[in-house]
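Undergrad: Dumping the structure here so I can ask a few things about it.
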Amino acid sequence: SMLPGIADSWKGKVFSIDSFGSGLSSRPKWTLGVGDKVPAETAESYFVDAIEAWRETQKIEKMVLFGHSLGGYLSVAYAEKYPQRVEQLILCSPVGIPEKPELDPKNLPMFYRFARTLWNNGFTPYHAVKATGRRFVGKYVDRRFEDSSWTNKELLKEYMYRNWTTGNISAGGYAHATLLEPGAYARKPLHSRLHDVATSVGQISFIYGTEDWMNVNHAINVRTTFFSKANSVSQSSRLPIRIFQIEGGGHNMFIDNPLGVVDAIQECVTVDQSRTNVDHNQVPRLGEIYLRKDFQAKSFTTEVAA
């Protein structure tokens, strides 16, 4: 629902790509292994180098790179490896920022220990949906998402079911169990990596939902750490790291409040980096107007092609 809004306001081309093993992308057989059986750097490169190959094919010199959830994690990894190709990073509820807390597996409940075993052996949501069928997806969509004029729940159920069950359980299915540890902690956490990425890229923006299970405080901590390391007041005042929240948005905020996300993206790409005296603790909330019952959406003129 948000793509027409982005394309309508952005002067250049807007591409929406699926990583290997997801959506409309190819699903080659996954051969790298899972968990600590494959180095995290190797797994990252599998996805990152595919993005770079796509960029070369499209002849894009430099781009604003937007990534959601695990896509946000991989966007950071891409910018880390190819900083000269990234004009700006926009990370939407990215996974993998905080360091993993110290836990003794012996003290975890039996259910969690069982879940960790499945995770470490490559069991993914794709396996779960293949085993349980459409009913599981249908109940999830009905309970998770509000009824709204922009949400076609039946189409969303079909998309999710087909995305998780069509073809091989490829890279999209094994990415979580390979790049992340149980609890959605990254094997290579982003917190210690984002300072250098922000310095090389120039600007990073974070977008979270107000009802997001990803914690906005992770991004606030990154920003606080960055400013504490700034070499001067002028350097810290240029706002290389900005954070926004979308009213009523969960982790999939582009379904909960798509036009709120469009507004946030517009804020990200139009920031005046010359501004000073800005409150670094500020986290603006956007999109409340679109949740009002009397709101009437405008129509967009830009065509979106698959």
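Following the order of the structure tokens, first chain is A, next is B, and so on, with residues numbered from 1 inside each chain and ligands from 1 in the order they appear.
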According to DSSP computed on the backbone, where in segment 126-260 of chain A is there strand (DSSP E)? Give the residues as a VMD selection string.

TA: chain A and resid 180 to 181 185 to 186 204 to 209 241 to 246

Undergrad: Any chance you could export the current selection's all heavy atoms as a tab-separated table (two decimals), in the first residue's frame?

TA:
```tsv
chain	number	residue	atom	x	y	z
A	180	LEU	N	20.85	-15.00	12.57
A	180	LEU	CA	20.40	-14.65	13.92
A	180	LEU	C	20.50	-15.84	14.86
A	180	LEU	O	20.56	-16.99	14.42
A	180	LEU	CB	18.94	-14.16	13.90
A	180	LEU	CG	18.59	-13.06	12.90
A	180	LEU	CD1	17.10	-12.76	12.98
A	180	LEU	CD2	19.40	-11.81	13.17
A	181	GLU	N	20.47	-15.54	16.13
A	181	GLU	CA	20.39	-16.55	17.17
A	181	GLU	C	18.99	-16.54	17.76
A	181	GLU	O	18.23	-15.59	17.53
A	181	GLU	CB	21.44	-16.29	18.25
A	181	GLU	CG	22.88	-16.38	17.74
A	181	GLU	CD	23.89	-16.26	18.86
A	181	GLU	OE1	23.50	-16.42	20.04
A	181	GLU	OE2	25.07	-16.02	18.57
A	185	TYR	N	18.52	-12.25	18.15
A	185	TYR	CA	19.77	-11.54	18.35
A	185	TYR	C	20.73	-11.91	17.22
A	185	TYR	O	20.87	-13.09	16.88
A	185	TYR	CB	20.40	-11.89	19.70
A	185	TYR	CG	19.59	-11.42	20.88
A	185	TYR	CD1	18.77	-12.30	21.58
A	185	TYR	CD2	19.65	-10.09	21.29
A	185	TYR	CE1	18.01	-11.86	22.66
A	185	TYR	CE2	18.90	-9.65	22.36
A	185	TYR	CZ	18.08	-10.53	23.04
A	185	TYR	OH	17.34	-10.10	24.10
A	186	ALA	N	21.37	-10.89	16.66
A	186	ALA	CA	22.28	-11.15	15.54
A	186	ALA	C	23.56	-11.83	16.02
A	186	ALA	O	24.07	-11.54	17.10
A	186	ALA	CB	22.63	-9.84	14.85
A	204	ILE	N	21.89	7.93	8.54
A	204	ILE	CA	21.07	6.75	8.79
A	204	ILE	C	19.80	7.20	9.49
A	204	ILE	O	19.85	8.00	10.43
A	204	ILE	CB	21.80	5.71	9.67
A	204	ILE	CG1	23.07	5.21	9.01
A	204	ILE	CG2	20.88	4.53	9.99
A	204	ILE	CD1	23.85	4.21	9.85
A	205	SER	N	18.67	6.71	9.03
A	205	SER	CA	17.39	6.98	9.68
A	205	SER	C	16.76	5.67	10.12
A	205	SER	O	16.87	4.65	9.44
A	205	SER	CB	16.44	7.72	8.74
A	205	SER	OG	16.99	8.96	8.34
A	206	PHE	N	16.10	5.70	11.27
A	206	PHE	CA	15.38	4.55	11.80
A	206	PHE	C	13.88	4.86	11.83
A	206	PHE	O	13.49	5.98	12.19
A	206	PHE	CB	15.84	4.23	13.22
A	206	PHE	CG	17.26	3.75	13.34
A	206	PHE	CD1	18.30	4.65	13.49
A	206	PHE	CD2	17.55	2.39	13.31
A	206	PHE	CE1	19.61	4.22	13.61
A	206	PHE	CE2	18.86	1.94	13.42
A	206	PHE	CZ	19.89	2.86	13.58
A	207	ILE	N	13.08	3.86	11.49
A	207	ILE	CA	11.63	3.99	11.57
A	207	ILE	C	11.08	2.80	12.36
A	207	ILE	O	11.39	1.64	12.02
A	207	ILE	CB	10.98	4.03	10.17
A	207	ILE	CG1	11.56	5.17	9.33
A	207	ILE	CG2	9.46	4.19	10.29
A	207	ILE	CD1	11.07	5.18	7.88
A	208	TYR	N	10.31	3.09	13.38
A	208	TYR	CA	9.67	2.04	14.19
A	208	TYR	C	8.18	2.34	14.31
A	208	TYR	O	7.75	3.48	14.12
A	208	TYR	CB	10.26	1.99	15.61
A	208	TYR	CG	11.67	1.45	15.70
A	208	TYR	CD1	12.76	2.28	15.46
A	208	TYR	CD2	11.90	0.13	16.04
A	208	TYR	CE1	14.06	1.79	15.55
A	208	TYR	CE2	13.21	-0.36	16.14
A	208	TYR	CZ	14.28	0.47	15.89
A	208	TYR	OH	15.55	-0.03	15.99
A	209	GLY	N	7.40	1.33	14.65
A	209	GLY	CA	6.00	1.54	14.97
A	209	GLY	C	5.83	1.78	16.46
A	209	GLY	O	6.64	1.32	17.27
A	241	ILE	N	22.02	10.63	12.38
A	241	ILE	CA	21.13	9.55	12.79
A	241	ILE	C	19.81	10.15	13.26
A	241	ILE	O	19.78	10.93	14.21
A	241	ILE	CB	21.75	8.70	13.92
A	241	ILE	CG1	23.04	8.06	13.45
A	241	ILE	CG2	20.76	7.64	14.39
A	241	ILE	CD1	23.75	7.24	14.51
A	242	ARG	N	18.72	9.79	12.59
A	242	ARG	CA	17.39	10.28	12.95
A	242	ARG	C	16.47	9.10	13.21
A	242	ARG	O	16.65	8.02	12.64
A	242	ARG	CB	16.82	11.16	11.84
A	242	ARG	CG	17.71	12.33	11.46
A	242	ARG	CD	17.05	13.20	10.41
A	242	ARG	NE	15.99	14.00	11.01
A	242	ARG	CZ	14.96	14.50	10.32
A	242	ARG	NH1	14.83	14.21	9.03
A	242	ARG	NH2	14.06	15.25	10.91
A	243	ILE	N	15.47	9.33	14.04
A	243	ILE	CA	14.56	8.25	14.45
A	243	ILE	C	13.12	8.77	14.39
A	243	ILE	O	12.83	9.87	14.87
A	243	ILE	CB	14.88	7.76	15.87
A	243	ILE	CG1	16.35	7.39	16.01
A	243	ILE	CG2	14.00	6.55	16.23
A	243	ILE	CD1	16.80	7.14	17.44
A	244	PHE	N	12.24	7.95	13.83
A	244	PHE	CA	10.82	8.28	13.77
A	244	PHE	C	9.99	7.08	14.23
A	244	PHE	O	10.44	5.93	14.13
A	244	PHE	CB	10.41	8.64	12.34
A	244	PHE	CG	11.16	9.81	11.75
A	244	PHE	CD1	12.31	9.61	11.00
A	244	PHE	CD2	10.71	11.10	11.96
A	244	PHE	CE1	13.01	10.68	10.48
A	244	PHE	CE2	11.42	12.18	11.44
A	244	PHE	CZ	12.56	11.97	10.69
A	245	GLN	N	8.78	7.37	14.72
A	245	GLN	CA	7.83	6.32	15.03
A	245	GLN	C	6.53	6.56	14.27
A	245	GLN	O	6.12	7.71	14.06
A	245	GLN	CB	7.54	6.27	16.54
A	245	GLN	CG	8.63	5.59	17.35
A	245	GLN	CD	8.21	5.38	18.79
A	245	GLN	OE1	8.02	6.34	19.54
A	245	GLN	NE2	8.07	4.13	19.19
A	246	ILE	N	5.89	5.46	13.87
A	246	ILE	CA	4.64	5.52	13.11
A	246	ILE	C	3.49	5.19	14.05
A	246	ILE	O	3.45	4.11	14.66
A	246	ILE	CB	4.66	4.53	11.93
A	246	ILE	CG1	5.91	4.73	11.08
A	246	ILE	CG2	3.39	4.66	11.10
A	246	ILE	CD1	6.08	6.12	10.54
```

Undergrad: If we count only C-alpha atoms and set the cut-off at 12 Å, which residues sit around Val34 of chain A, ignoring sequence neighbours fewer than 5 positions away in its own chain? Please answer as a short mmCIF file (atom, residue, chain, number, x, y, z; two decimals) with C-alpha atoms, in the first residue's frame.

TA:
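Final file, result-v4.cif:
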```
data_model
loop_
_atom_site.label_atom_id
_atom_site.label_comp_id
_atom_site.auth_asym_id
_atom_site.auth_seq_id
_atom_site.Cartn_x
_atom_site.Cartn_y
_atom_site.Cartn_z
CA PRO A 39 30.38 -18.22 9.30
CA ALA A 40 28.10 -15.20 9.70
CA THR A 42 29.70 -15.96 4.58
CA ALA A 43 25.94 -15.85 5.05
CA LEU A 118 14.73 -26.31 16.40
CA TRP A 119 16.24 -22.91 15.56
CA ASN A 120 19.82 -24.18 15.73
CA ASN A 121 18.87 -26.97 13.34
CA GLY A 122 17.46 -24.59 10.76
CA PHE A 123 13.74 -24.89 11.53
CA THR A 124 12.06 -21.74 10.22
CA SER A 170 15.63 -21.28 0.15
CA ALA A 171 17.67 -18.36 1.45
CA GLY A 173 13.69 -19.40 4.87
CA TYR A 174 17.12 -20.10 6.31
CA ALA A 175 18.26 -16.49 6.73
CA HIS A 176 16.88 -16.13 10.26
CA ALA A 177 18.44 -19.33 11.58
CA THR A 178 21.74 -18.45 9.88
CA LEU A 179 22.20 -14.74 10.58
CA LEU A 180 20.40 -14.65 13.92
CA GLU A 181 20.39 -16.55 17.17
CA ARG A 187 25.36 -13.33 15.50
#
```

Undergrad: Which residue out of A:Pro98, A:Gly133, A:Gly12, A:Gly248 has the minimum interatomic distance to Ser192 of chain A when only C-alpha atoms are used?

TA: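 The shortest atom-to-atom distance to Ser192 of chain A comes from A:Pro98.
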
Undergrad: Segment 256-273 of chain A: which residues within 8 Å, counting only C-alpha atoms, same-chain residues fewer than 2 positions away excluded, as number ranges by chain?

TA: A: 1-2, 5-6, 9, 88, 90, 145-146, 205, 207, 238-240, 242, 244, 246-250, 252-254, 275, 286-288, 290-291

Undergrad: Determine, counting only C-alpha atoms, which protein, DNA and RNA residues have an atom within 8 Å of an atom of Arg85 of chain A; residues of the same chain fewer than 5 positions away are not included. Present the result as a list in words.

TA: Glu61, Lys62, Met63 and Ala79 of chain A

Undergrad: Residues as selected, all heavy atoms, written as an mmCIF file, in the first residue's frame, can you do that?

TA:
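Once written, part.cif looks like this:
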```
data_model
loop_
_atom_site.group_PDB
_atom_site.id
_atom_site.type_symbol
_atom_site.label_atom_id
_atom_site.label_comp_id
_atom_site.auth_asym_id
_atom_site.auth_seq_id
_atom_site.Cartn_x
_atom_site.Cartn_y
_atom_site.Cartn_z
ATOM 1 N N GLU A 61 24.283 4.183 -9.787
ATOM 2 C CA GLU A 61 25.557 4.634 -9.235
ATOM 3 C C GLU A 61 25.509 4.705 -7.706
ATOM 4 O O GLU A 61 26.416 4.253 -7.017
ATOM 5 C CB GLU A 61 25.920 6.001 -9.809
ATOM 6 C CG GLU A 61 27.322 6.472 -9.463
ATOM 7 C CD GLU A 61 28.421 5.595 -10.039
ATOM 8 O OE1 GLU A 61 28.175 4.931 -11.077
ATOM 9 O OE2 GLU A 61 29.534 5.576 -9.472
ATOM 10 N N LYS A 62 24.429 5.277 -7.199
ATOM 11 C CA LYS A 62 24.285 5.459 -5.752
ATOM 12 C C LYS A 62 22.799 5.448 -5.419
ATOM 13 O O LYS A 62 21.979 5.909 -6.216
ATOM 14 C CB LYS A 62 24.927 6.776 -5.319
ATOM 15 C CG LYS A 62 25.488 6.774 -3.911
ATOM 16 C CD LYS A 62 26.385 7.978 -3.691
ATOM 17 C CE LYS A 62 27.082 7.856 -2.332
ATOM 18 N NZ LYS A 62 27.986 9.010 -2.071
ATOM 19 N N MET A 63 22.451 4.970 -4.224
ATOM 20 C CA MET A 63 21.031 4.821 -3.919
ATOM 21 C C MET A 63 20.730 5.079 -2.453
ATOM 22 O O MET A 63 21.595 4.953 -1.582
ATOM 23 C CB MET A 63 20.566 3.402 -4.284
ATOM 24 C CG MET A 63 21.323 2.283 -3.603
ATOM 25 S SD MET A 63 20.919 0.668 -4.307
ATOM 26 C CE MET A 63 22.179 -0.361 -3.536
ATOM 27 N N ALA A 79 25.891 -1.667 3.240
ATOM 28 C CA ALA A 79 26.545 -0.361 3.346
ATOM 29 C C ALA A 79 27.940 -0.481 3.946
ATOM 30 O O ALA A 79 28.825 0.316 3.636
ATOM 31 C CB ALA A 79 25.687 0.576 4.194
#
```

Undergrad: I need the residue nearest Gly67 of chain A from this list: A:Trp164, A:Thr210, A:Asp104, A:Ile51. Use only C-alpha atoms for the distance.

TA: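 Result for the nearest residue to Gly67 of chain A: A:Ile51.
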
Undergrad: So the first atom is atom CA of Gln282 of chain A and the second is atom CA of Lys229 of chain A; what is the distance between them in Å, to one decimal place?

TA: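 Between these atoms lies a distance of 18.7 Å.
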
Undergrad: May I ask which of the residues A:Gly71, A:Pro284, A:Gly167, A:Pro28 is the closest one to Cys92 of chain A, counting only C-alpha atoms?

TA: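 Residue with the minimum atom-to-atom distance to Cys92 of chain A: A:Gly71.
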
Undergrad: In terms of the shortest atom-to-atom distance over only C-alpha atoms, which of A:Ile169, A:Val86, A:Met110, A:Met214 is closest to Ala198 of chain A?

TA: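 Once distances to Ala198 of chain A are computed over only C-alpha atoms, the minimum belongs to A:Val86.
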
Undergrad: If we count only C-alpha atoms and set the cut-off at 9 Å, which residues sit around Glu52 of chain A, ignoring sequence neighbours fewer than 5 positions away in its own chain? Please answer as a PyMOL selection string.

TA: chain A and resi 47+57+78+82+85

Undergrad: Which one of A:Arg144, A:Arg162, A:Arg223, A:Lys13 sits closest to Glu211 of chain A if you count only C-alpha atoms?

TA: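 With only C-alpha atoms as the atom set, the closest residue is A:Arg144.
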
Undergrad: Could you find all residues in segment 102-180 of chain A that DSSP calls alpha helix (DSSP H) from the backbone, and write them as an NGL selection string?

TA: :A and (110-120 or 125-132 or 134-144 or 153-165 or 171-179)

Undergrad: Quick one: write out the picked residues with N, CA and C atoms as a compact mmCIF listing (two decimals), in the first residue's frame?

TA:
```txt
# COMPACT_ATOMS: atom_id res chain seq x y z
N MET A 110 11.49 -25.47 29.48
CA MET A 110 11.63 -26.57 28.51
C MET A 110 11.21 -26.13 27.11
N PHE A 111 10.11 -25.36 27.01
CA PHE A 111 9.63 -24.94 25.70
C PHE A 111 10.71 -24.14 24.96
N TYR A 112 11.36 -23.21 25.68
CA TYR A 112 12.37 -22.37 25.05
C TYR A 112 13.60 -23.19 24.65
N ARG A 113 13.95 -24.15 25.46
CA ARG A 113 15.08 -25.00 25.09
C ARG A 113 14.77 -25.81 23.84
N PHE A 114 13.51 -26.28 23.74
CA PHE A 114 13.09 -27.03 22.56
C PHE A 114 13.11 -26.12 21.33
N ALA A 115 12.58 -24.88 21.50
CA ALA A 115 12.57 -23.93 20.38
C ALA A 115 13.98 -23.59 19.93
N ARG A 116 14.91 -23.45 20.88
CA ARG A 116 16.30 -23.15 20.53
C ARG A 116 16.91 -24.30 19.74
N THR A 117 16.56 -25.53 20.10
CA THR A 117 17.08 -26.69 19.37
C THR A 117 16.59 -26.68 17.93
N LEU A 118 15.28 -26.39 17.75
CA LEU A 118 14.73 -26.31 16.40
C LEU A 118 15.44 -25.21 15.60
N TRP A 119 15.60 -24.05 16.23
CA TRP A 119 16.24 -22.91 15.56
C TRP A 119 17.66 -23.27 15.12
N ASN A 120 18.41 -23.85 16.03
CA ASN A 120 19.82 -24.18 15.73
C ASN A 120 19.95 -25.25 14.66
N PRO A 125 10.03 -20.34 10.15
CA PRO A 125 8.59 -20.14 9.95
C PRO A 125 8.09 -20.77 8.66
N TYR A 126 8.95 -20.86 7.66
CA TYR A 126 8.55 -21.49 6.40
C TYR A 126 8.19 -22.96 6.64
N HIS A 127 8.99 -23.65 7.46
CA HIS A 127 8.68 -25.03 7.79
C HIS A 127 7.34 -25.12 8.53
N ALA A 128 7.11 -24.20 9.45
CA ALA A 128 5.90 -24.23 10.25
C ALA A 128 4.66 -24.07 9.39
N VAL A 129 4.71 -23.13 8.45
CA VAL A 129 3.54 -22.89 7.59
C VAL A 129 3.33 -24.05 6.63
N LYS A 130 4.42 -24.62 6.13
CA LYS A 130 4.27 -25.79 5.26
C LYS A 130 3.62 -26.94 6.00
N ALA A 131 3.90 -27.04 7.30
CA ALA A 131 3.35 -28.13 8.10
C ALA A 131 1.91 -27.88 8.51
N THR A 132 1.55 -26.62 8.77
CA THR A 132 0.22 -26.32 9.31
C THR A 132 -0.77 -25.83 8.27
N ARG A 134 -2.74 -23.22 5.41
CA ARG A 134 -3.31 -21.88 5.32
C ARG A 134 -3.98 -21.44 6.62
N ARG A 135 -4.48 -22.37 7.40
CA ARG A 135 -5.25 -22.01 8.58
C ARG A 135 -4.40 -21.19 9.56
N PHE A 136 -3.18 -21.58 9.73
CA PHE A 136 -2.27 -20.86 10.63
C PHE A 136 -2.09 -19.42 10.16
N VAL A 137 -1.82 -19.24 8.86
CA VAL A 137 -1.61 -17.91 8.30
C VAL A 137 -2.90 -17.10 8.41
N GLY A 138 -4.03 -17.72 8.12
CA GLY A 138 -5.30 -17.02 8.17
C GLY A 138 -5.61 -16.48 9.56
N LYS A 139 -5.39 -17.31 10.58
CA LYS A 139 -5.65 -16.86 11.95
C LYS A 139 -4.71 -15.73 12.34
N TYR A 140 -3.46 -15.83 11.91
CA TYR A 140 -2.48 -14.78 12.23
C TYR A 140 -2.91 -13.45 11.63
N VAL A 141 -3.27 -13.44 10.36
CA VAL A 141 -3.65 -12.19 9.69
C VAL A 141 -4.91 -11.61 10.32
N ASP A 142 -5.91 -12.45 10.59
CA ASP A 142 -7.17 -11.96 11.16
C ASP A 142 -6.97 -11.33 12.53
N ARG A 143 -6.09 -11.92 13.33
CA ARG A 143 -5.87 -11.42 14.69
C ARG A 143 -4.88 -10.26 14.74
N ARG A 144 -3.91 -10.27 13.86
CA ARG A 144 -2.83 -9.29 13.94
C ARG A 144 -3.19 -7.94 13.33
N LYS A 153 -7.30 -8.37 3.48
CA LYS A 153 -6.81 -9.48 4.29
C LYS A 153 -6.73 -10.79 3.53
N GLU A 154 -7.68 -11.04 2.64
CA GLU A 154 -7.65 -12.29 1.89
C GLU A 154 -6.44 -12.33 0.96
N LEU A 155 -6.13 -11.20 0.34
CA LEU A 155 -4.95 -11.14 -0.53
C LEU A 155 -3.67 -11.25 0.30
N LEU A 156 -3.67 -10.66 1.48
CA LEU A 156 -2.51 -10.73 2.36
C LEU A 156 -2.26 -12.16 2.82
N LYS A 157 -3.33 -12.89 3.14
CA LYS A 157 -3.21 -14.30 3.53
C LYS A 157 -2.61 -15.11 2.40
N GLU A 158 -3.10 -14.87 1.19
CA GLU A 158 -2.61 -15.62 0.04
C GLU A 158 -1.14 -15.32 -0.23
N TYR A 159 -0.77 -14.04 -0.13
CA TYR A 159 0.63 -13.64 -0.34
C TYR A 159 1.54 -14.33 0.67
N MET A 160 1.17 -14.26 1.94
CA MET A 160 2.02 -14.84 2.98
C MET A 160 2.13 -16.36 2.82
N TYR A 161 1.03 -16.98 2.51
CA TYR A 161 1.05 -18.45 2.36
C TYR A 161 1.92 -18.84 1.18
N ARG A 162 1.73 -18.20 0.04
CA ARG A 162 2.51 -18.54 -1.15
C ARG A 162 3.98 -18.22 -0.94
N ASN A 163 4.28 -17.10 -0.28
CA ASN A 163 5.66 -16.70 -0.06
C ASN A 163 6.40 -17.72 0.79
N TRP A 164 5.70 -18.32 1.75
CA TRP A 164 6.35 -19.23 2.69
C TRP A 164 6.31 -20.70 2.26
N THR A 165 5.51 -21.01 1.25
CA THR A 165 5.36 -22.43 0.90
C THR A 165 5.75 -22.77 -0.53
N ALA A 171 16.97 -19.32 0.61
CA ALA A 171 17.67 -18.36 1.45
C ALA A 171 16.74 -17.59 2.37
N GLY A 172 15.56 -17.21 1.85
CA GLY A 172 14.61 -16.47 2.67
C GLY A 172 14.18 -17.25 3.89
N GLY A 173 14.10 -18.57 3.76
CA GLY A 173 13.69 -19.40 4.87
C GLY A 173 14.79 -19.64 5.89
N TYR A 174 16.02 -19.77 5.42
CA TYR A 174 17.12 -20.10 6.31
C TYR A 174 17.88 -18.88 6.83
N ALA A 175 17.52 -17.69 6.34
CA ALA A 175 18.26 -16.49 6.73
C ALA A 175 18.20 -16.24 8.23
N HIS A 176 17.02 -16.41 8.83
CA HIS A 176 16.88 -16.13 10.26
C HIS A 176 17.75 -17.05 11.10
N ALA A 177 17.69 -18.35 10.79
CA ALA A 177 18.44 -19.33 11.58
C ALA A 177 19.93 -19.28 11.28
N THR A 178 20.32 -18.54 10.25
CA THR A 178 21.74 -18.45 9.88
C THR A 178 22.37 -17.15 10.37
N LEU A 179 21.65 -16.04 10.20
CA LEU A 179 22.20 -14.74 10.58
C LEU A 179 21.89 -14.38 12.03
```

Undergrad: What separation in Å, quoted to one decimal, exists between atom CA of Gln84 of chain A and atom CA of Arg55 of chain A?

TA: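 Computing it gives 12.3 Å between the two atoms.
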
Undergrad: Measuring atom to atom with only C-alpha atoms, identify which of A:Pro189, A:Pro109, A:Pro94, A:Gly183 is nearest to His251 of chain A.

TA: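 Closest to His251 of chain A of all the choices is A:Pro94.
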
Undergrad: Please indicate the distance in Å from atom CA of Asn107 of chain A to atom CA of Lys37 of chain A, rounded to one decimal place.

TA: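 Rounded to one decimal, the two atoms are 24.7 Å apart.
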